[in-house]
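A.B. asks: First the structure, which I've put down as C-alpha coordinates, then a few questions once you've had a look.
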Amino acid sequence: MSSMTEPMTSRRGATLAVASWAPLLVLTNFTLPMVTLPQTARSLGAGPTGPVWILGSIALGLSSMLLVAGGLADDYGRRRVLVAGTGVLAAASVVAAVSPTVPVFVLARLVQGAASAAMLAASLGIVGHAFPTGAERVRATGRYGAMIGLGTAVGPLVSGLPAAVTSWRAAYWLMAAGALVLAIMSARVLEESRSEVPRRLDVPGVVLLSLGVAALVAGVTEGRAGWGRPVVLEAFALAVVLLAAFVAVERRRPEPLLDLELFGRPAFLVATGGALVVGAAVVGLLSYLPTVLQTAHGLAPLDTALLFCVWSGLSFVASLLTRHVRLGTAARLALGLGLSAAGFAALLGAGSSLSLPLIAGGLAVSGVGSGLINSSITHLAIESVPAHRVGMGSGANNTARYVGSSLGAAGMAALVGAFGLAQGTAVAVAACVVLTGGTALAVLAVRK
(Lines give C-alpha, C1' and ligand atoms only; values in the text may rest on other atoms or scores of the structure.)
Protein backbone atom coordinates (compact mmCIF):
# COMPACT_ATOMS: atom_id res chain seq x y z
CA MET A 1 0.00 0.00 0.00
CA SER A 2 2.80 2.43 0.89
CA SER A 3 4.42 1.95 -2.51
CA MET A 4 1.21 3.19 -4.12
CA THR A 5 0.53 6.07 -1.77
CA GLU A 6 4.04 7.54 -1.83
CA PRO A 7 3.99 8.50 -5.55
CA MET A 8 0.47 9.90 -5.12
CA THR A 9 1.55 11.96 -2.10
CA SER A 10 4.60 13.21 -4.00
CA ARG A 11 2.48 14.17 -7.01
CA ARG A 12 0.00 16.04 -4.81
CA GLY A 13 2.86 17.84 -3.10
CA ALA A 14 4.28 18.94 -6.44
CA THR A 15 0.82 20.04 -7.57
CA LEU A 16 0.32 22.14 -4.45
CA ALA A 17 3.80 23.66 -4.70
CA VAL A 18 3.33 24.77 -8.31
CA ALA A 19 -0.31 25.85 -7.96
CA SER A 20 0.53 27.91 -4.84
CA TRP A 21 3.03 29.97 -6.82
CA ALA A 22 0.10 31.49 -8.68
CA PRO A 23 -1.40 33.50 -5.75
CA LEU A 24 2.14 34.42 -4.65
CA LEU A 25 2.89 35.86 -8.09
CA VAL A 26 -0.51 37.54 -8.42
CA LEU A 27 -0.38 39.26 -5.02
CA THR A 28 3.25 40.27 -5.54
CA ASN A 29 2.25 41.88 -8.81
CA PHE A 30 -0.89 43.43 -7.31
CA THR A 31 1.10 45.25 -4.62
CA LEU A 32 4.01 46.44 -6.79
CA PRO A 33 2.88 50.10 -7.22
CA MET A 34 1.85 50.63 -3.60
CA VAL A 35 5.19 51.90 -2.28
CA THR A 36 6.46 53.44 -5.54
CA LEU A 37 3.31 55.29 -6.59
CA PRO A 38 4.81 58.82 -6.36
CA GLN A 39 7.89 57.85 -8.42
CA THR A 40 5.84 55.95 -11.00
CA ALA A 41 3.41 58.84 -11.41
CA ARG A 42 6.22 61.36 -11.89
CA SER A 43 8.07 59.16 -14.37
CA LEU A 44 4.96 58.64 -16.52
CA GLY A 45 3.87 62.29 -16.34
CA ALA A 46 0.61 61.47 -14.59
CA GLY A 47 -2.13 64.08 -14.32
CA PRO A 48 -4.59 64.48 -11.42
CA THR A 49 -6.34 61.12 -11.98
CA GLY A 50 -3.25 59.26 -13.18
CA PRO A 51 -2.14 57.92 -9.77
CA VAL A 52 -5.66 56.63 -9.14
CA TRP A 53 -5.55 54.51 -12.29
CA ILE A 54 -1.92 53.46 -11.78
CA LEU A 55 -2.94 51.97 -8.44
CA GLY A 56 -6.44 50.74 -9.24
CA SER A 57 -6.42 49.52 -12.84
CA ILE A 58 -5.32 45.98 -12.02
CA ALA A 59 -8.32 45.54 -9.72
CA LEU A 60 -10.61 46.35 -12.64
CA GLY A 61 -9.08 43.61 -14.78
CA LEU A 62 -9.12 41.14 -11.92
CA SER A 63 -12.64 41.67 -10.66
CA SER A 64 -14.28 41.77 -14.11
CA MET A 65 -12.74 38.48 -15.28
CA LEU A 66 -12.48 36.24 -12.19
CA LEU A 67 -15.84 34.52 -12.42
CA VAL A 68 -15.50 34.13 -16.17
CA ALA A 69 -12.05 32.60 -15.72
CA GLY A 70 -13.40 30.19 -13.10
CA GLY A 71 -16.05 28.90 -15.48
CA LEU A 72 -13.57 28.52 -18.32
CA ALA A 73 -11.16 26.64 -16.06
CA ASP A 74 -13.85 24.20 -14.91
CA ASP A 75 -15.12 23.51 -18.42
CA TYR A 76 -12.04 23.75 -20.65
CA GLY A 77 -9.17 22.72 -18.39
CA ARG A 78 -7.67 24.28 -15.28
CA ARG A 79 -4.04 23.71 -16.25
CA ARG A 80 -4.70 25.17 -19.71
CA VAL A 81 -6.22 28.33 -18.24
CA LEU A 82 -3.41 28.68 -15.68
CA VAL A 83 -0.66 28.34 -18.30
CA ALA A 84 -2.40 30.79 -20.65
CA GLY A 85 -2.97 33.35 -17.89
CA THR A 86 0.62 33.13 -16.68
CA GLY A 87 1.96 33.61 -20.20
CA VAL A 88 -0.21 36.68 -20.71
CA LEU A 89 0.96 38.07 -17.35
CA ALA A 90 4.58 37.75 -18.52
CA ALA A 91 3.86 39.63 -21.76
CA ALA A 92 1.84 42.37 -20.03
CA SER A 93 4.60 42.83 -17.44
CA VAL A 94 7.08 43.59 -20.22
CA VAL A 95 4.71 46.25 -21.56
CA ALA A 96 4.37 47.74 -18.05
CA ALA A 97 8.17 47.83 -17.71
CA VAL A 98 8.66 49.85 -20.92
CA SER A 99 5.52 52.02 -20.70
CA PRO A 100 6.20 55.61 -21.76
CA THR A 101 2.86 57.07 -20.61
CA VAL A 102 0.08 56.50 -18.09
CA PRO A 103 -2.45 55.11 -20.65
CA VAL A 104 0.01 52.44 -21.83
CA PHE A 105 0.88 51.47 -18.25
CA VAL A 106 -2.79 51.35 -17.23
CA LEU A 107 -3.64 49.17 -20.23
CA ALA A 108 -0.80 46.79 -19.30
CA ARG A 109 -2.08 46.60 -15.72
CA LEU A 110 -5.62 45.92 -16.94
CA VAL A 111 -4.32 42.98 -18.97
CA GLN A 112 -2.25 41.85 -15.98
CA GLY A 113 -5.46 41.87 -13.95
CA ALA A 114 -7.31 39.68 -16.47
CA ALA A 115 -4.35 37.28 -16.59
CA SER A 116 -4.21 37.21 -12.79
CA ALA A 117 -7.90 36.32 -12.70
CA ALA A 118 -7.21 33.25 -14.84
CA MET A 119 -4.30 32.28 -12.59
CA LEU A 120 -6.22 32.60 -9.32
CA ALA A 121 -9.38 30.83 -10.45
CA ALA A 122 -7.54 27.98 -12.17
CA SER A 123 -4.90 27.41 -9.47
CA LEU A 124 -7.41 27.19 -6.62
CA GLY A 125 -9.51 24.85 -8.76
CA ILE A 126 -6.43 22.66 -9.25
CA VAL A 127 -5.85 22.53 -5.49
CA GLY A 128 -9.51 21.72 -4.83
CA HIS A 129 -9.41 18.88 -7.37
CA ALA A 130 -6.13 17.45 -6.02
CA PHE A 131 -7.30 17.57 -2.38
CA PRO A 132 -10.99 16.60 -2.44
CA THR A 133 -11.79 16.63 1.29
CA GLY A 134 -10.67 16.17 4.88
CA ALA A 135 -7.58 17.21 6.80
CA GLU A 136 -5.40 17.20 3.67
CA ARG A 137 -7.62 19.87 2.12
CA VAL A 138 -7.37 22.01 5.27
CA ARG A 139 -3.56 21.83 5.13
CA ALA A 140 -3.50 22.48 1.39
CA THR A 141 -5.80 25.50 1.54
CA GLY A 142 -3.81 26.82 4.50
CA ARG A 143 -0.61 26.71 2.46
CA TYR A 144 -2.33 28.17 -0.57
CA GLY A 145 -3.83 30.99 1.51
CA ALA A 146 -0.44 31.64 3.09
CA MET A 147 0.89 32.64 -0.33
CA ILE A 148 -1.56 35.55 -0.36
CA GLY A 149 0.11 36.94 2.75
CA LEU A 150 3.59 36.18 1.43
CA GLY A 151 2.79 37.92 -1.86
CA THR A 152 1.78 41.10 -0.06
CA ALA A 153 5.13 40.98 1.74
CA VAL A 154 7.21 40.26 -1.34
CA GLY A 155 5.51 42.82 -3.60
CA PRO A 156 6.56 46.00 -1.78
CA LEU A 157 10.10 44.64 -1.35
CA VAL A 158 10.39 43.61 -5.00
CA SER A 159 9.22 47.10 -5.91
CA GLY A 160 10.93 49.16 -3.22
CA LEU A 161 14.43 47.64 -3.36
CA PRO A 162 15.02 48.08 -7.12
CA ALA A 163 13.42 51.54 -6.99
CA ALA A 164 15.98 52.59 -4.38
CA VAL A 165 18.85 51.36 -6.57
CA THR A 166 17.72 51.73 -10.18
CA SER A 167 14.10 52.36 -11.16
CA TRP A 168 10.54 51.31 -10.39
CA ARG A 169 10.51 49.62 -13.83
CA ALA A 170 12.89 46.85 -12.71
CA ALA A 171 10.15 45.18 -10.66
CA TYR A 172 8.07 44.55 -13.78
CA TRP A 173 10.98 42.90 -15.55
CA LEU A 174 11.34 40.60 -12.55
CA MET A 175 7.60 39.89 -12.67
CA ALA A 176 7.83 38.95 -16.36
CA ALA A 177 10.64 36.49 -15.62
CA GLY A 178 8.78 34.93 -12.70
CA ALA A 179 5.60 34.51 -14.73
CA LEU A 180 7.48 32.86 -17.57
CA VAL A 181 9.07 30.36 -15.18
CA LEU A 182 5.70 29.52 -13.63
CA ALA A 183 4.12 29.00 -17.05
CA ILE A 184 6.82 26.47 -17.95
CA MET A 185 6.58 24.69 -14.59
CA SER A 186 2.77 24.52 -14.77
CA ALA A 187 2.85 23.00 -18.24
CA ARG A 188 5.39 20.36 -17.19
CA VAL A 189 4.28 19.44 -13.66
CA LEU A 190 0.51 19.85 -13.41
CA GLU A 191 -2.02 17.33 -14.62
CA GLU A 192 -5.05 18.57 -16.53
CA SER A 193 -8.40 18.55 -14.73
CA ARG A 194 -11.85 19.77 -15.69
CA SER A 195 -15.49 19.24 -14.80
CA GLU A 196 -16.89 15.84 -15.71
CA VAL A 197 -20.02 17.64 -16.90
CA PRO A 198 -18.76 20.61 -18.96
CA ARG A 199 -21.22 23.34 -19.85
CA ARG A 200 -21.62 25.47 -22.91
CA LEU A 201 -20.12 28.93 -22.58
CA ASP A 202 -22.71 31.33 -21.17
CA VAL A 203 -21.97 34.20 -23.57
CA PRO A 204 -24.73 36.57 -22.33
CA GLY A 205 -23.64 35.98 -18.73
CA VAL A 206 -19.98 36.55 -19.58
CA VAL A 207 -20.69 39.82 -21.38
CA LEU A 208 -23.14 41.23 -18.83
CA LEU A 209 -21.11 40.31 -15.75
CA SER A 210 -17.73 41.40 -17.15
CA LEU A 211 -19.02 44.75 -18.36
CA GLY A 212 -21.14 45.30 -15.23
CA VAL A 213 -18.29 44.68 -12.81
CA ALA A 214 -15.93 46.71 -15.01
CA ALA A 215 -18.35 49.65 -14.96
CA LEU A 216 -18.70 49.40 -11.19
CA VAL A 217 -14.94 49.31 -10.53
CA ALA A 218 -14.30 52.06 -13.11
CA GLY A 219 -16.88 54.25 -11.37
CA VAL A 220 -15.30 53.59 -7.99
CA THR A 221 -11.81 54.32 -9.36
CA GLU A 222 -12.85 57.58 -11.03
CA GLY A 223 -14.88 58.49 -7.96
CA ARG A 224 -11.70 58.96 -5.97
CA ALA A 225 -11.20 62.17 -7.98
CA GLY A 226 -14.76 63.41 -7.34
CA TRP A 227 -17.99 61.45 -6.77
CA GLY A 228 -20.34 63.95 -8.39
CA ARG A 229 -18.72 64.01 -11.83
CA PRO A 230 -20.87 62.84 -14.78
CA VAL A 231 -18.45 60.05 -15.73
CA VAL A 232 -18.79 58.54 -12.24
CA LEU A 233 -22.57 58.73 -12.14
CA GLU A 234 -22.83 57.29 -15.64
CA ALA A 235 -20.52 54.39 -14.75
CA PHE A 236 -22.59 53.53 -11.67
CA ALA A 237 -25.86 53.74 -13.60
CA LEU A 238 -24.45 51.47 -16.31
CA ALA A 239 -23.23 49.02 -13.66
CA VAL A 240 -26.68 48.81 -12.06
CA VAL A 241 -28.37 48.16 -15.42
CA LEU A 242 -25.86 45.54 -16.53
CA LEU A 243 -25.73 43.65 -13.23
CA ALA A 244 -29.53 43.65 -12.92
CA ALA A 245 -29.71 42.28 -16.46
CA PHE A 246 -27.13 39.64 -15.52
CA VAL A 247 -29.26 38.41 -12.61
CA ALA A 248 -32.38 38.32 -14.78
CA VAL A 249 -30.62 36.39 -17.55
CA GLU A 250 -28.91 33.93 -15.21
CA ARG A 251 -32.22 32.95 -13.61
CA ARG A 252 -33.39 31.69 -17.00
CA ARG A 253 -30.20 30.04 -18.21
CA PRO A 254 -30.07 26.22 -17.99
CA GLU A 255 -26.28 26.37 -17.56
CA PRO A 256 -25.54 29.77 -15.95
CA LEU A 257 -22.12 31.33 -15.49
CA LEU A 258 -23.00 31.74 -11.79
CA ASP A 259 -25.53 29.43 -10.19
CA LEU A 260 -27.61 31.88 -8.16
CA GLU A 261 -28.94 29.04 -6.00
CA LEU A 262 -25.51 28.93 -4.36
CA PHE A 263 -26.48 32.06 -2.43
CA GLY A 264 -28.92 29.84 -0.53
CA ARG A 265 -25.96 27.99 1.00
CA PRO A 266 -24.75 29.50 4.29
CA ALA A 267 -21.14 28.48 3.57
CA PHE A 268 -21.19 30.23 0.18
CA LEU A 269 -22.69 33.36 1.76
CA VAL A 270 -20.01 33.38 4.44
CA ALA A 271 -17.21 32.82 1.91
CA THR A 272 -18.38 35.44 -0.58
CA GLY A 273 -19.58 38.03 1.93
CA GLY A 274 -16.45 37.56 4.01
CA ALA A 275 -14.26 38.05 0.93
CA LEU A 276 -16.09 41.29 0.09
CA VAL A 277 -15.52 42.65 3.59
CA VAL A 278 -11.89 41.52 3.62
CA GLY A 279 -11.32 43.27 0.31
CA ALA A 280 -12.91 46.51 1.52
CA ALA A 281 -11.68 46.68 5.10
CA VAL A 282 -8.32 44.86 4.92
CA VAL A 283 -6.95 45.03 1.37
CA GLY A 284 -8.48 48.45 0.74
CA LEU A 285 -7.12 49.96 3.95
CA LEU A 286 -3.65 48.48 3.64
CA SER A 287 -3.44 49.49 -0.03
CA TYR A 288 -3.86 53.15 0.89
CA LEU A 289 -2.06 53.29 4.24
CA PRO A 290 1.50 53.30 2.77
CA THR A 291 0.63 56.48 0.87
CA VAL A 292 -0.65 58.02 4.13
CA LEU A 293 2.59 57.20 5.96
CA GLN A 294 4.77 58.52 3.13
CA THR A 295 2.74 61.71 2.71
CA ALA A 296 2.16 62.52 6.38
CA HIS A 297 5.46 61.38 7.87
CA GLY A 298 7.96 61.29 5.00
CA LEU A 299 8.72 57.56 5.14
CA ALA A 300 10.73 56.28 2.18
CA PRO A 301 9.25 53.53 -0.04
CA LEU A 302 11.68 50.92 1.28
CA ASP A 303 10.98 51.90 4.91
CA THR A 304 7.27 51.55 4.27
CA ALA A 305 7.76 48.18 2.60
CA LEU A 306 9.78 46.88 5.54
CA LEU A 307 7.17 48.12 8.02
CA PHE A 308 4.36 46.36 6.18
CA CYS A 309 6.40 43.16 6.15
CA VAL A 310 5.36 42.87 9.80
CA TRP A 311 1.74 42.46 8.70
CA SER A 312 2.29 40.32 5.65
CA GLY A 313 4.98 38.14 7.21
CA LEU A 314 2.80 37.23 10.18
CA SER A 315 -0.13 36.69 7.82
CA PHE A 316 1.98 34.13 5.96
CA VAL A 317 3.05 32.31 9.13
CA ALA A 318 -0.45 32.32 10.67
CA SER A 319 -1.98 30.87 7.52
CA LEU A 320 0.59 28.05 7.47
CA LEU A 321 -0.23 27.22 11.09
CA THR A 322 -4.00 27.28 10.63
CA ARG A 323 -4.30 23.50 10.95
CA HIS A 324 -3.20 23.78 14.60
CA VAL A 325 -6.16 26.07 15.44
CA ARG A 326 -8.79 23.62 16.69
CA LEU A 327 -11.83 25.54 15.47
CA GLY A 328 -14.27 25.09 12.63
CA THR A 329 -13.60 27.02 9.45
CA ALA A 330 -16.25 29.68 10.11
CA ALA A 331 -15.07 30.14 13.70
CA ARG A 332 -11.46 30.58 12.45
CA LEU A 333 -12.70 33.19 9.98
CA ALA A 334 -14.54 35.04 12.76
CA LEU A 335 -11.43 34.93 14.97
CA GLY A 336 -9.33 36.30 12.11
CA LEU A 337 -11.78 39.14 11.51
CA GLY A 338 -11.82 39.94 15.24
CA LEU A 339 -8.01 40.08 15.41
CA SER A 340 -7.96 42.32 12.34
CA ALA A 341 -10.39 44.70 14.06
CA ALA A 342 -8.24 44.77 17.20
CA GLY A 343 -5.08 45.41 15.19
CA PHE A 344 -6.66 48.18 13.14
CA ALA A 345 -7.72 49.96 16.34
CA ALA A 346 -4.03 50.64 16.99
CA LEU A 347 -3.77 52.44 13.62
CA LEU A 348 -6.39 55.09 14.39
CA GLY A 349 -3.76 57.81 14.87
CA ALA A 350 -1.53 56.84 11.94
CA GLY A 351 -2.45 59.95 9.94
CA SER A 352 -1.62 62.44 12.71
CA SER A 353 1.36 61.00 14.59
CA LEU A 354 4.05 58.45 13.82
CA SER A 355 4.36 55.92 16.64
CA LEU A 356 6.26 53.08 15.01
CA PRO A 357 5.86 50.62 17.94
CA LEU A 358 2.09 51.20 18.00
CA ILE A 359 1.75 50.91 14.22
CA ALA A 360 3.98 47.82 14.10
CA GLY A 361 1.98 46.24 16.93
CA GLY A 362 -1.32 46.92 15.18
CA LEU A 363 0.02 45.51 11.92
CA ALA A 364 1.28 42.42 13.77
CA VAL A 365 -2.08 41.63 15.38
CA SER A 366 -4.03 42.28 12.18
CA GLY A 367 -1.46 40.24 10.25
CA VAL A 368 -2.16 37.17 12.37
CA GLY A 369 -5.87 37.77 11.80
CA SER A 370 -5.32 38.10 8.07
CA GLY A 371 -3.54 34.74 7.96
CA LEU A 372 -6.51 33.03 9.59
CA ILE A 373 -8.85 34.85 7.21
CA ASN A 374 -6.97 33.85 4.06
CA SER A 375 -6.79 30.16 4.89
CA SER A 376 -10.42 30.03 6.06
CA ILE A 377 -11.90 31.87 3.08
CA THR A 378 -9.81 29.81 0.66
CA HIS A 379 -11.16 26.62 2.24
CA LEU A 380 -14.77 27.88 2.24
CA ALA A 381 -14.53 29.03 -1.38
CA ILE A 382 -14.03 25.47 -2.65
CA GLU A 383 -15.95 23.70 0.13
CA SER A 384 -19.14 25.70 -0.45
CA VAL A 385 -19.67 24.64 -4.09
CA PRO A 386 -20.09 21.24 -5.80
CA ALA A 387 -16.80 19.42 -6.45
CA HIS A 388 -17.01 19.94 -10.22
CA ARG A 389 -17.50 23.70 -9.77
CA VAL A 390 -14.47 24.65 -7.66
CA GLY A 391 -13.44 27.16 -10.31
CA MET A 392 -16.80 28.89 -9.96
CA GLY A 393 -16.36 29.04 -6.18
CA SER A 394 -12.88 30.48 -6.56
CA GLY A 395 -14.05 33.01 -9.13
CA ALA A 396 -16.97 34.25 -7.04
CA ASN A 397 -14.83 34.51 -3.92
CA ASN A 398 -12.02 36.43 -5.56
CA THR A 399 -14.43 38.68 -7.48
CA ALA A 400 -15.92 39.74 -4.16
CA ARG A 401 -12.45 40.28 -2.67
CA TYR A 402 -11.18 42.57 -5.45
CA VAL A 403 -14.41 44.50 -5.92
CA GLY A 404 -14.24 45.07 -2.16
CA SER A 405 -10.62 46.23 -2.38
CA SER A 406 -11.57 48.86 -4.95
CA LEU A 407 -14.47 50.05 -2.79
CA GLY A 408 -12.29 50.17 0.32
CA ALA A 409 -9.40 52.08 -1.23
CA ALA A 410 -11.80 54.52 -2.89
CA GLY A 411 -13.71 55.03 0.34
CA MET A 412 -10.53 55.77 2.27
CA ALA A 413 -9.36 58.22 -0.40
CA ALA A 414 -12.77 59.93 -0.29
CA LEU A 415 -12.66 60.27 3.49
CA VAL A 416 -9.14 61.67 3.43
CA GLY A 417 -10.21 64.13 0.74
CA ALA A 418 -13.27 65.21 2.72
CA PHE A 419 -11.79 65.44 6.24
CA GLY A 420 -8.07 65.89 5.65
CA LEU A 421 -5.23 63.44 6.06
CA ALA A 422 -5.24 63.04 9.84
CA GLN A 423 -8.98 63.05 10.55
CA GLY A 424 -9.90 61.25 7.33
CA THR A 425 -7.49 58.42 8.08
CA ALA A 426 -8.89 58.07 11.59
CA VAL A 427 -12.48 57.91 10.30
CA ALA A 428 -11.53 55.36 7.62
CA VAL A 429 -9.66 53.13 10.07
CA ALA A 430 -12.56 53.35 12.55
CA ALA A 431 -14.94 52.25 9.80
CA CYS A 432 -12.70 49.25 9.09
CA VAL A 433 -12.67 48.33 12.79
CA VAL A 434 -16.47 48.38 12.89
CA LEU A 435 -16.82 46.50 9.60
CA THR A 436 -14.41 43.67 10.44
CA GLY A 437 -15.66 43.31 14.02
CA GLY A 438 -19.30 43.36 12.95
CA THR A 439 -18.68 40.81 10.20
CA ALA A 440 -17.01 38.48 12.72
CA LEU A 441 -20.24 38.44 14.73
CA ALA A 442 -22.32 38.00 11.57
CA VAL A 443 -20.24 35.01 10.44
CA LEU A 444 -20.84 33.27 13.76
CA ALA A 445 -24.59 34.01 13.55
CA VAL A 446 -24.92 32.69 9.97
CA ARG A 447 -23.05 29.46 10.73
CA LYS A 448 -25.09 28.57 13.82
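How things are named: the first chain in the C-alpha coordinates is A, the next is B, and so on; residues count from 1 in each chain; ligands count from 1 in the order shown.
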Using only C-alpha atoms, which residues sit within 8 Å of Val18 of chain A once same-chain residues fewer than 3 positions away are excluded, as a list in words?

C.D. replies: Ala14, Thr15, Trp21, Ala22, Leu182, Met185, Ser186, Val189 and Leu190 of chain A

A.B. asks: Report as a list in words all protein, DNA and RNA residues lying within 9 Å of segment 233-239 of chain A, evaluated on only C-alpha atoms, omitting residues in the same chain fewer than 4 positions from it.

C.D. replies: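 The contact residues come out as Leu211, Gly212, Val213, Ala214, Ala215, Leu216, Val217, Ala218, Gly219, Val220, Gly223, Trp227, Gly228, Arg229, Leu243 and Ala244 of chain A.
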
A.B. asks: Would you save the residues of that selection, restricted to N, CA and C atoms, as an mmCIF file, in the first residue's frame?

C.D. replies:
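Dumped everything to out_2.cif:
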```cif
data_model
loop_
_atom_site.group_PDB
_atom_site.id
_atom_site.type_symbol
_atom_site.label_atom_id
_atom_site.label_comp_id
_atom_site.auth_asym_id
_atom_site.auth_seq_id
_atom_site.Cartn_x
_atom_site.Cartn_y
_atom_site.Cartn_z
ATOM 1 N N LEU A 211 -18.822 43.322 -18.156
ATOM 2 C CA LEU A 211 -19.024 44.753 -18.364
ATOM 3 C C LEU A 211 -19.624 45.422 -17.134
ATOM 4 N N GLY A 212 -20.521 44.716 -16.426
ATOM 5 C CA GLY A 212 -21.140 45.297 -15.235
ATOM 6 C C GLY A 212 -20.133 45.532 -14.120
ATOM 7 N N VAL A 213 -19.310 44.521 -13.853
ATOM 8 C CA VAL A 213 -18.287 44.682 -12.811
ATOM 9 C C VAL A 213 -17.250 45.716 -13.238
ATOM 10 N N ALA A 214 -16.887 45.719 -14.518
ATOM 11 C CA ALA A 214 -15.926 46.707 -15.005
ATOM 12 C C ALA A 214 -16.464 48.126 -14.836
ATOM 13 N N ALA A 215 -17.750 48.330 -15.140
ATOM 14 C CA ALA A 215 -18.352 49.652 -14.964
ATOM 15 C C ALA A 215 -18.369 50.056 -13.494
ATOM 16 N N LEU A 216 -18.675 49.101 -12.616
ATOM 17 C CA LEU A 216 -18.697 49.401 -11.185
ATOM 18 C C LEU A 216 -17.318 49.807 -10.684
ATOM 19 N N VAL A 217 -16.299 49.011 -11.018
ATOM 20 C CA VAL A 217 -14.943 49.305 -10.535
ATOM 21 C C VAL A 217 -14.404 50.585 -11.175
ATOM 22 N N ALA A 218 -14.733 50.812 -12.459
ATOM 23 C CA ALA A 218 -14.302 52.057 -13.107
ATOM 24 C C ALA A 218 -14.931 53.268 -12.427
ATOM 25 N N GLY A 219 -16.219 53.156 -12.076
ATOM 26 C CA GLY A 219 -16.882 54.253 -11.373
ATOM 27 C C GLY A 219 -16.263 54.524 -10.021
ATOM 28 N N VAL A 220 -15.937 53.437 -9.302
ATOM 29 C CA VAL A 220 -15.297 53.587 -7.991
ATOM 30 C C VAL A 220 -13.912 54.222 -8.135
ATOM 31 N N GLY A 223 -14.254 57.763 -9.057
ATOM 32 C CA GLY A 223 -14.881 58.491 -7.957
ATOM 33 C C GLY A 223 -13.896 59.047 -6.962
ATOM 34 N N TRP A 227 -16.859 62.377 -6.633
ATOM 35 C CA TRP A 227 -17.987 61.455 -6.773
ATOM 36 C C TRP A 227 -19.149 62.037 -7.557
ATOM 37 N N GLY A 228 -19.205 63.349 -7.698
ATOM 38 C CA GLY A 228 -20.340 63.947 -8.393
ATOM 39 C C GLY A 228 -20.129 64.171 -9.874
ATOM 40 N N ARG A 229 -18.995 63.773 -10.415
ATOM 41 C CA ARG A 229 -18.717 64.006 -11.829
ATOM 42 C C ARG A 229 -19.594 63.126 -12.705
ATOM 43 N N LEU A 243 -25.695 44.706 -14.240
ATOM 44 C CA LEU A 243 -25.726 43.653 -13.229
ATOM 45 C C LEU A 243 -27.151 43.168 -12.963
ATOM 46 N N ALA A 244 -28.129 44.083 -13.039
ATOM 47 C CA ALA A 244 -29.529 43.653 -12.918
ATOM 48 C C ALA A 244 -29.916 42.758 -14.092
#
```

A.B. asks: Between A:Phe131, A:Trp168, A:Phe246, A:Phe316, which one has atoms that come closest to Gly145 of chain A, using only C-alpha atoms?

C.D. replies: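 Distance minimum relative to Gly145 of chain A lands on A:Phe316.
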
A.B. asks: From the list A:Leu60, A:Ala342, A:Ala146, A:Leu299, which residue is nearest Arg323 of chain A when using only C-alpha atoms?

C.D. replies: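 Using only C-alpha atoms, the shortest distance to Arg323 of chain A belongs to A:Ala146.
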